[in-house]
Amino acid sequence: MILQDVIERLQLRVLTNATAFNQVHIYQGYVSDMLSCVVAGAPNGCVWVTLLAHSNIVAVATLLEIPAIIITEGAQPDETTLARANEMQIALLSTPLPSFEVVGRLWQMGIRANNRMSEFL
């Protein structure tokens, strides 16, 4: 799925500079609020769902080549985090919805868990 479609269908607010969202493909998703779990388990290129909004999310996304982070429950990153995300070309997206609901909607859209988890589904 194209990131632009995810943004539109979930009515996400784009917090960072607009990039070519129609050229970013999202096949998998990951949800966690523990950075160590994301580092250990999130697949490269996924969309990450979290309620965290501090600057460390950009560092982790950069490390794992995660192109987009959906920040839930209305949490808002500070200007430093936004600037770093823009610099690293990580899309920060916001929604008032809880993480659980966002993940459910992503699942309905065809975005699934990473391959290591598929054996449990």
# chains A, B, ... in the order shown; residues from 1 in each chain; ligands from 1
>>> residues_around(residues="stretch 23-39 of chain A", least_positions_apart="6", cutoff="7 Å", atoms="only C-alpha atoms", output="PyMOL selection string")
chain A and resi 1-3+45-52+60+111-114
>>> select_by_dssp(residues="stretch 18-85 of chain A", states="alpha helix (DSSP H)", output="PyMOL selection string")
chain A and resi 35-41+56-64+79-85
>>> write_last_selection(atoms="C-alpha atoms", output="short mmCIF file (atom, residue, chain, number, x, y, z; two decimals), in the first residue's frame")
data_model
loop_
_atom_site.label_atom_id
_atom_site.label_comp_id
_atom_site.auth_asym_id
_atom_site.auth_seq_id
_atom_site.Cartn_x
_atom_site.Cartn_y
_atom_site.Cartn_z
CA LEU A 35 12.23 1.35 21.80
CA SER A 36 14.21 -1.80 22.56
CA CYS A 37 11.33 -3.92 21.23
CA VAL A 38 11.16 -1.86 18.06
CA VAL A 39 14.90 -2.21 17.49
CA ALA A 40 14.67 -5.97 18.02
CA GLY A 41 11.47 -6.66 16.11
CA ASN A 56 14.47 8.92 20.11
CA ILE A 57 11.73 7.67 17.76
CA VAL A 58 13.50 9.38 14.88
CA ALA A 59 16.82 7.77 15.79
CA VAL A 60 15.23 4.31 15.89
CA ALA A 61 13.34 4.89 12.64
CA THR A 62 16.54 6.00 10.95
CA LEU A 63 18.42 2.94 12.21
CA LEU A 64 15.74 0.58 10.87
CA GLU A 79 10.15 21.19 17.38
CA THR A 80 13.53 19.47 17.79
CA THR A 81 11.99 16.08 17.01
CA LEU A 82 10.16 17.48 13.99
CA ALA A 83 13.33 19.11 12.69
CA ARG A 84 15.30 15.88 13.07
CA ALA A 85 12.55 13.88 11.35
#
>>> atom_distance(atom1="atom CA of A:Arg105", atom2="atom CA of A:Met88")
27.0 Å
>>> atom_distance(atom1="atom CA of A:Ala68", atom2="atom CA of A:Asn86")
11.3 Å
>>> closest_residue(among="A:Gln4, A:Gln108, A:Thr16, A:Thr95", to="A:Asp78", atoms="only C-alpha atoms")
A:Thr16
>>> closest_residue(among="A:Arg9, A:Glu65, A:Asn17, A:Ile71", to="A:Glu87", atoms="only C-alpha atoms")
A:Asn17
>>> closest_residue(among="A:Ala53, A:Met109, A:Val6, A:Leu92", to="A:Pro77", atoms="only C-alpha atoms")
A:Ala53
>>> select_by_dssp(residues="chain A", states="strand (DSSP E)", output="PyMOL selection string")
chain A and resi 13-14+29-31+47-50+68-71+91-94
